[in-house]
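To start, the structure under review is shown below, and the notes come after it.
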Amino acid sequence: MDYVLPSGDKLSLAHGATGADAAAAIGAGLARAALAIKVDGVTYDLSRELPTDGEGKIEIITEKSGGEALELIRHDAAHVFAAAMLELYPGVKISIGPPIEHGFYYDVEMPAGPALSDADFPAIEAKMREHINADETFLREDVSVGEALERFVRENQDYKVELIEDLVKNAPADAPVTSVSLYTNGPFTDLCRGPHAPSTKRIKAFKLQSVAGAYWRGDSDRQMLTRVYGTAFFSKAALEEYLERLERARANDHRRLGPLLGMFGFSETAPGSAFWFPRGAEVFNELVRLSREMGRPRGYSEVKTPQLFDSSLWKTSGHWDKYRDDMFVTEAEDRQFALKPMNCPGHCQLYTLQKHSYRDLPVRYSEPGLLHRNEASGTLHGLLRVRHFAQDDGHIFCTEDQIQDEVAGVLEFAFATYKLFGLDVKLELSTRPDKRIGSDEMWDRSEAALKNALDSHGLDYTINEGDGAFYGPKIDIHMTDSLGRSWQLGTCQLDYNFPERFGLTYTGADNQDHQPVMIHRALMGSYERFIGILLEHFGGELPVWLAPTQAIVLPIADRHNDFAQSIADQLSDAGARVESDDRTESVSRKIRDAELRKIPFMLVVGDREQASGEVGVREHRQGDVGSASVAAFTERLTGLIESRSLA
RNA sequence: GCCGACGUAGCUCAGCUGGUAGAGCACUUCACUCGUAAUGAAGGGGUCCCCGGUUCGACUCCGGGCGUCGGCUCCA
């Protein structure tokens, strides 16, 4: 049959030819470099017979193919890891070991005895190296389900047995699963879909990185397995570069930057809750101010609602049933109260305290409310996952006709906000979860409305099945931290449930009561998480308007301290966050300290400046940019602040 | 919450097979008064996370808590 190469050239191969034959037919060098072959977008082992039923577009995968090639050897490395584990820990049960974005993992159940720790890595790596040096061929064979089951039952590999049984059970009726593929390298055989590189020798550099627990099948009600993460590359240099990049990313960790910039800290006396120092609190408030300024012209009015509510409110909202584990509950005078984990029930209650006409709608409430959520201890993570936080929260009460416009308005508001920070975001539509309130019909309507809003704006999004809030579906807005972990920031949730449960009404033009629809929305999400993400995004070099200290005056000698202070005062009066470094230290020292604190502007003042009334301006990372009059510099600084410039 | 690791001065970290602690930076004082990334010297500072246990004696060993870190589950 004729195949087509990426160049467009044709390649004729005999029936039954393999990927290796194809590579050899193209060239001897390529045959040596080949790892796998892609036919019509599907990757095959080199040893497999090429399919003859498609268009026949083929591409040989080599080291140079990038991610796909790395995926192959990382998957190979996972097999080599499992092989090493079986030899070193007899009785270990292996489950799954896929390649992932930057490496691979393998989940195993350790035999009774001491737990696996990273101290065991050197021995495992040594054993893995033996398999790699032995240049073991990956041999694929297709066997019947019965034969495979018999094999894994005999080997006591329960997880493999379960995987095969599920494969059979979940197969569509018109394509029943009767056989599965096994891959063998050296003494080790694994149930695996493939594909793999030709042999273990293609793994040129690898490293085991960490151990963690992971639930079998991601289900917290099932067995906790031991997961080992590792990675593999085509060269030692590439591996080292990757490890160095990880190390550098740590420098942008907000948990390191926050204390360095004098913004916040943590204490064991309040796990999962940040303590904000003055400069950090100012940055925080700057963002609250932003939210207010942007919300006002968009029709939001700020409200204030209580922290602590009687349990009856949470019973009405459904939190008592669906969310209680995450709430801090307390008692007084034989009544049960709970701290609010969300603002919505309070806003609903607020809504009911007044009578509403259709003429008032939409009503848009905002509140940077303080929330408490009793998050599981193991999930806390710096500012990105805390127990005490404030959201840039808002709730819109509107008629059904207004939904499209309101959701569009929320999206516009969100993108206008992110633009200020130059953030790239990822949208997700999260649909009905198992644990929910409300009828399926309500959920159908809500999901359709959100999907419609996204589609009509031509926005890209992925669907996150089952991840909606218990009261409604949501559009979630995600960003990644310095290590590439994804965090949810903004959200826009459509809700028919709370209005019904709280009996919300408005009087229509027909003088009858009608039920409004509610939209829950947060754009930055929580201020805490948003600040954490911003710090990592900017590597601590926040835009001038957000920098905890925007300028620092550096007197050259002690006799310039008063002059320096007067400049700091002038800038401070103009609305900037300024300090004066009057320590008895050398200028070099003051500059070094200010640079390390990533302060955008350093103003050096000595005899010359004192005589001329100027300041010597030094910009963070740029160095000396020449002198300027105090007035000119003040104008420049306040300009940057007021315009919220990204520069 | 679950799995693993870790927890020594404000910070970053040493501390040998159990004999009650040490460095650098920071801080204080003194001298120097300095022109674009660390001036020098002296000094202060620690219930070695907490509670039990073993021991003549525990920072060190054992048990239980708490917290942090990396994951899992969950989530803004």
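Numbering starts fresh at 1 for the residues of each chain in the structure tokens, the chains themselves are lettered A, B, ... in the order given, and ligands are numbered from 1 as they appear.
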*asked:* At a cut-off of 12 Å, using only C-alpha atoms (C1' of nucleotides), what residues contact G44 (chain B)? Leave out same-chain residues fewer than 4 positions from it and give the result as a VMD selection string.
replied: chain B and resid 9 27 to 29
_Which residues are near G24 (chain B)? Cut-off 12 Å, only C-alpha atoms (C1' of nucleotides), ignore same chain within fewer than 2 positions. Put them as a VMD selection string._
chain B and resid 11 to 14 22 26
Output file for the selection above: N, CA and C atoms (P, O5', C5', C4', C3', O3' and C1' of nucleotides), as an mmCIF file, in the first residue's frame:
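New file part16.cif:
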data_model
loop_
_atom_site.group_PDB
_atom_site.id
_atom_site.type_symbol
_atom_site.label_atom_id
_atom_site.label_comp_id
_atom_site.auth_asym_id
_atom_site.auth_seq_id
_atom_site.Cartn_x
_atom_site.Cartn_y
_atom_site.Cartn_z
ATOM 1 P P C B 11 11.585 32.474 61.654
ATOM 2 O "O5'" C B 11 12.477 32.869 60.394
ATOM 3 C "C5'" C B 11 11.903 33.480 59.244
ATOM 4 C "C4'" C B 11 12.967 33.641 58.182
ATOM 5 C "C3'" C B 11 13.673 32.350 57.794
ATOM 6 O "O3'" C B 11 12.953 31.667 56.780
ATOM 7 C "C1'" C B 11 15.292 34.015 58.244
ATOM 8 P P U B 12 13.076 30.073 56.698
ATOM 9 O "O5'" U B 12 14.552 29.870 56.136
ATOM 10 C "C5'" U B 12 14.884 30.227 54.788
ATOM 11 C "C4'" U B 12 16.324 29.871 54.527
ATOM 12 C "C3'" U B 12 16.715 28.454 54.937
ATOM 13 O "O3'" U B 12 16.368 27.503 53.950
ATOM 14 C "C1'" U B 12 18.345 29.988 55.729
ATOM 15 P P C B 13 16.109 25.997 54.414
ATOM 16 O "O5'" C B 13 17.274 25.704 55.469
ATOM 17 C "C5'" C B 13 18.045 24.571 55.378
ATOM 18 C "C4'" C B 13 19.418 24.824 55.967
ATOM 19 C "C3'" C B 13 19.904 23.753 56.933
ATOM 20 O "O3'" C B 13 20.349 22.600 56.251
ATOM 21 C "C1'" C B 13 20.497 25.892 57.750
ATOM 22 P P A B 14 20.446 21.188 57.021
ATOM 23 O "O5'" A B 14 21.963 21.178 57.497
ATOM 24 C "C5'" A B 14 22.297 21.576 58.762
ATOM 25 C "C4'" A B 14 23.784 21.588 58.944
ATOM 26 C "C3'" A B 14 24.252 20.552 59.970
ATOM 27 O "O3'" A B 14 24.644 19.347 59.362
ATOM 28 C "C1'" A B 14 24.881 22.706 60.660
ATOM 29 P P G B 22 27.471 26.490 71.662
ATOM 30 O "O5'" G B 22 27.380 27.250 70.273
ATOM 31 C "C5'" G B 22 28.473 27.155 69.424
ATOM 32 C "C4'" G B 22 28.052 27.017 67.981
ATOM 33 C "C3'" G B 22 27.614 28.287 67.257
ATOM 34 O "O3'" G B 22 28.668 29.198 67.044
ATOM 35 C "C1'" G B 22 26.389 26.428 66.501
ATOM 36 P P A B 26 22.945 41.546 57.351
ATOM 37 O "O5'" A B 26 21.563 41.363 58.133
ATOM 38 C "C5'" A B 26 20.310 41.588 57.474
ATOM 39 C "C4'" A B 26 19.180 41.350 58.432
ATOM 40 C "C3'" A B 26 19.188 42.209 59.697
ATOM 41 O "O3'" A B 26 18.570 43.465 59.464
ATOM 42 C "C1'" A B 26 18.874 39.956 60.293
#
*Name the residues in contact with Asp481 (chain A) at a cut-off of 12 Å, using only C-alpha atoms (C1' of nucleotides), excluding same-chain residues fewer than 2 positions from it; report them as a ChimeraX atom specification.*
/A:249-250,252-255,381-384,423-425,478-479,483-489,529-539
Restrict the calculation to only C-alpha atoms (C1' of nucleotides), then for each residue of chain B with any atom at most 10 Å from an atom of chain A give the closest atom pair and their distance in Å to one decimal, rows by chain and rising residue number, as a tab-separated table.
residue	atom	partner	partner_atom	distance
B:G1	C1'	A:Ala376	CA	5.8
B:C2	C1'	A:Met224	CA	7.2
B:C3	C1'	A:Gly213	CA	3.6
B:G4	C1'	A:Ala212	CA	5.6
B:A5	C1'	A:Ser117	CA	7.7
B:C11	C1'	A:Leu260	CA	9.6
B:C32	C1'	A:Thr584	CA	9.7
B:U33	C1'	A:Ala557	CA	5.2
B:C34	C1'	A:Ser586	CA	5.4
B:G35	C1'	A:Ile556	CA	7.0
B:U36	C1'	A:Ser588	CA	6.3
B:A37	C1'	A:Arg592	CA	4.0
B:A38	C1'	A:Arg589	CA	5.7
B:U39	C1'	A:Ser586	CA	7.5
B:C49	C1'	A:Glu268	CA	9.4
B:C66	C1'	A:Glu268	CA	8.2
B:G67	C1'	A:Glu268	CA	5.9
B:U68	C1'	A:Glu268	CA	9.2
B:C69	C1'	A:His381	CA	9.2
B:G70	C1'	A:Ser210	CA	7.1
B:G71	C1'	A:Ala212	CA	4.6
B:C72	C1'	A:Ala214	CA	4.1
B:U73	C1'	A:Ser220	CA	5.4
B:C74	C1'	A:Thr379	CA	7.8
B:C75	C1'	A:Arg385	CA	7.9
B:A76	C1'	A:Gly525	CA	5.0
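For the pair CA of Trp276 (chain A) and CA of Arg636 (chain A), the separation is 28.7 Å.
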_Polymer residues at most 10 Å from Asp444 (chain A), only C-alpha atoms (C1' of nucleotides), same-chain spacing of 6 or more positions, as a list in words_ = Thr431, Arg432 and Pro473 of chain A
*asked:* Residues of region 354-591 of chain A classed as alpha helix (DSSP H) by DSSP on the backbone are to be reported as a PyMOL selection string.
replied: chain A and resi 403-421+440-456+497-501+527-537+561-573+587-591
*For Pro98 (chain A), list every protein, DNA or RNA residue within 7 Å, evaluated using only C-alpha atoms (C1' of nucleotides), and leave out those in the same chain fewer than 6 positions away; present the list as a PyMOL selection string.*
chain A and resi 75+78+104-106
Hey, what does DSSP flag as strand (DSSP E or B) within region 332-513 of chain A? Can you give it to me as a PDB file with C-alpha atoms, in the first residue's frame?
ATOM      1  CA  ALA A 332     -24.482  30.159  72.054  1.00  0.00           C
ATOM      2  CA  ARG A 335     -28.649  27.966  69.473  1.00  0.00           C
ATOM      3  CA  GLN A 336     -26.352  26.724  66.743  1.00  0.00           C
ATOM      4  CA  PHE A 337     -24.586  29.251  64.612  1.00  0.00           C
ATOM      5  CA  ALA A 338     -22.100  28.948  61.766  1.00  0.00           C
ATOM      6  CA  LEU A 339     -19.577  31.352  60.280  1.00  0.00           C
ATOM      7  CA  SER A 357     -40.274  45.616  41.823  1.00  0.00           C
ATOM      8  CA  VAL A 363     -30.176  44.153  41.565  1.00  0.00           C
ATOM      9  CA  ARG A 364     -26.407  43.739  41.812  1.00  0.00           C
ATOM     10  CA  TYR A 365     -24.972  43.372  45.302  1.00  0.00           C
ATOM     11  CA  SER A 366     -21.257  43.221  45.979  1.00  0.00           C
ATOM     12  CA  GLU A 367     -19.430  42.532  49.222  1.00  0.00           C
ATOM     13  CA  LEU A 370     -14.884  37.658  55.074  1.00  0.00           C
ATOM     14  CA  LEU A 371     -15.436  33.939  54.746  1.00  0.00           C
ATOM     15  CA  HIS A 372     -14.380  30.925  56.756  1.00  0.00           C
ATOM     16  CA  HIS A 381      -1.463  25.881  50.602  1.00  0.00           C
ATOM     17  CA  ARG A 385      -5.852  27.594  49.714  1.00  0.00           C
ATOM     18  CA  HIS A 388     -10.124  32.501  56.047  1.00  0.00           C
ATOM     19  CA  PHE A 389     -10.459  34.700  53.005  1.00  0.00           C
ATOM     20  CA  ALA A 390     -12.408  37.416  51.274  1.00  0.00           C
ATOM     21  CA  GLN A 391     -13.911  37.195  47.830  1.00  0.00           C
ATOM     22  CA  ASP A 392     -14.605  39.999  45.398  1.00  0.00           C
ATOM     23  CA  ASP A 393     -18.071  38.582  45.589  1.00  0.00           C
ATOM     24  CA  GLY A 394     -21.228  39.724  43.900  1.00  0.00           C
ATOM     25  CA  HIS A 395     -24.765  38.462  43.458  1.00  0.00           C
ATOM     26  CA  ILE A 396     -27.120  39.542  40.754  1.00  0.00           C
ATOM     27  CA  PHE A 397     -30.852  39.101  41.085  1.00  0.00           C
ATOM     28  CA  CYS A 398     -32.556  39.401  37.719  1.00  0.00           C
ATOM     29  CA  LYS A 426      -8.620  29.270  31.010  1.00  0.00           C
ATOM     30  CA  LEU A 427     -12.405  28.916  31.006  1.00  0.00           C
ATOM     31  CA  GLU A 428     -14.314  25.871  32.148  1.00  0.00           C
ATOM     32  CA  LEU A 429     -18.006  25.126  32.201  1.00  0.00           C
ATOM     33  CA  SER A 430     -18.734  23.035  35.279  1.00  0.00           C
ATOM     34  CA  THR A 462     -13.588  23.048  28.325  1.00  0.00           C
ATOM     35  CA  ILE A 463     -16.442  21.225  30.002  1.00  0.00           C
ATOM     36  CA  ASN A 464     -15.859  20.031  33.512  1.00  0.00           C
ATOM     37  CA  ALA A 469     -21.635  24.071  42.811  1.00  0.00           C
ATOM     38  CA  GLY A 472     -25.996  25.548  40.167  1.00  0.00           C
ATOM     39  CA  LYS A 474     -20.757  27.604  36.778  1.00  0.00           C
ATOM     40  CA  ILE A 475     -18.272  29.108  34.406  1.00  0.00           C
ATOM     41  CA  ASP A 476     -14.915  28.814  36.134  1.00  0.00           C
ATOM     42  CA  ILE A 477     -11.850  30.836  35.327  1.00  0.00           C
ATOM     43  CA  HIS A 478      -8.512  29.181  36.024  1.00  0.00           C
ATOM     44  CA  MET A 479      -4.865  30.263  36.211  1.00  0.00           C
ATOM     45  CA  THR A 480      -1.656  28.445  36.983  1.00  0.00           C
ATOM     46  CA  SER A 486      -4.061  25.202  38.091  1.00  0.00           C
ATOM     47  CA  TRP A 487      -6.175  27.272  40.515  1.00  0.00           C
ATOM     48  CA  GLN A 488      -9.670  28.578  40.136  1.00  0.00           C
ATOM     49  CA  LEU A 489      -9.981  32.342  40.356  1.00  0.00           C
ATOM     50  CA  GLY A 490     -13.164  33.716  38.936  1.00  0.00           C
ATOM     51  CA  THR A 491     -16.521  32.063  38.729  1.00  0.00           C
ATOM     52  CA  CYS A 492     -19.939  32.875  37.339  1.00  0.00           C
ATOM     53  CA  GLN A 493     -22.718  30.646  38.618  1.00  0.00           C
ATOM     54  CA  LEU A 494     -26.310  30.534  37.602  1.00  0.00           C
ATOM     55  CA  ASP A 495     -28.790  29.621  40.286  1.00  0.00           C
ATOM     56  CA  TYR A 506     -40.273  40.699  42.816  1.00  0.00           C
ATOM     57  CA  THR A 507     -43.493  42.308  41.748  1.00  0.00           C
ATOM     58  CA  ASP A 513     -45.116  37.957  42.483  1.00  0.00           C
TER      59      ASP A 513
END
*asked:* What's around region 146-162 of chain A at 10 Å? Count only C-alpha atoms (C1' of nucleotides), leave out sequence neighbours fewer than 4 positions away in its own chain, and write the answer as JSON, numbers by chain.
replied: {"A": [91, 92, 93, 94, 95, 96, 108, 109, 142, 166, 167, 168, 178, 179, 180, 181, 182, 189, 190, 191, 192, 216]}
*Using only C-alpha atoms (C1' of nucleotides), which residues sit within 9 Å of Leu454 (chain A) once same-chain residues fewer than 3 positions away are excluded, as a PyMOL selection string?*
chain A and resi 407-408+411+429+449-451+457-461+475
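CA of Leu603 (chain A) sits 20.2 Å away from CA of Ser645 (chain A).
As for CA of Val630 (chain A) and CA of Glu614 (chain A), they are spaced 5.4 Å apart.
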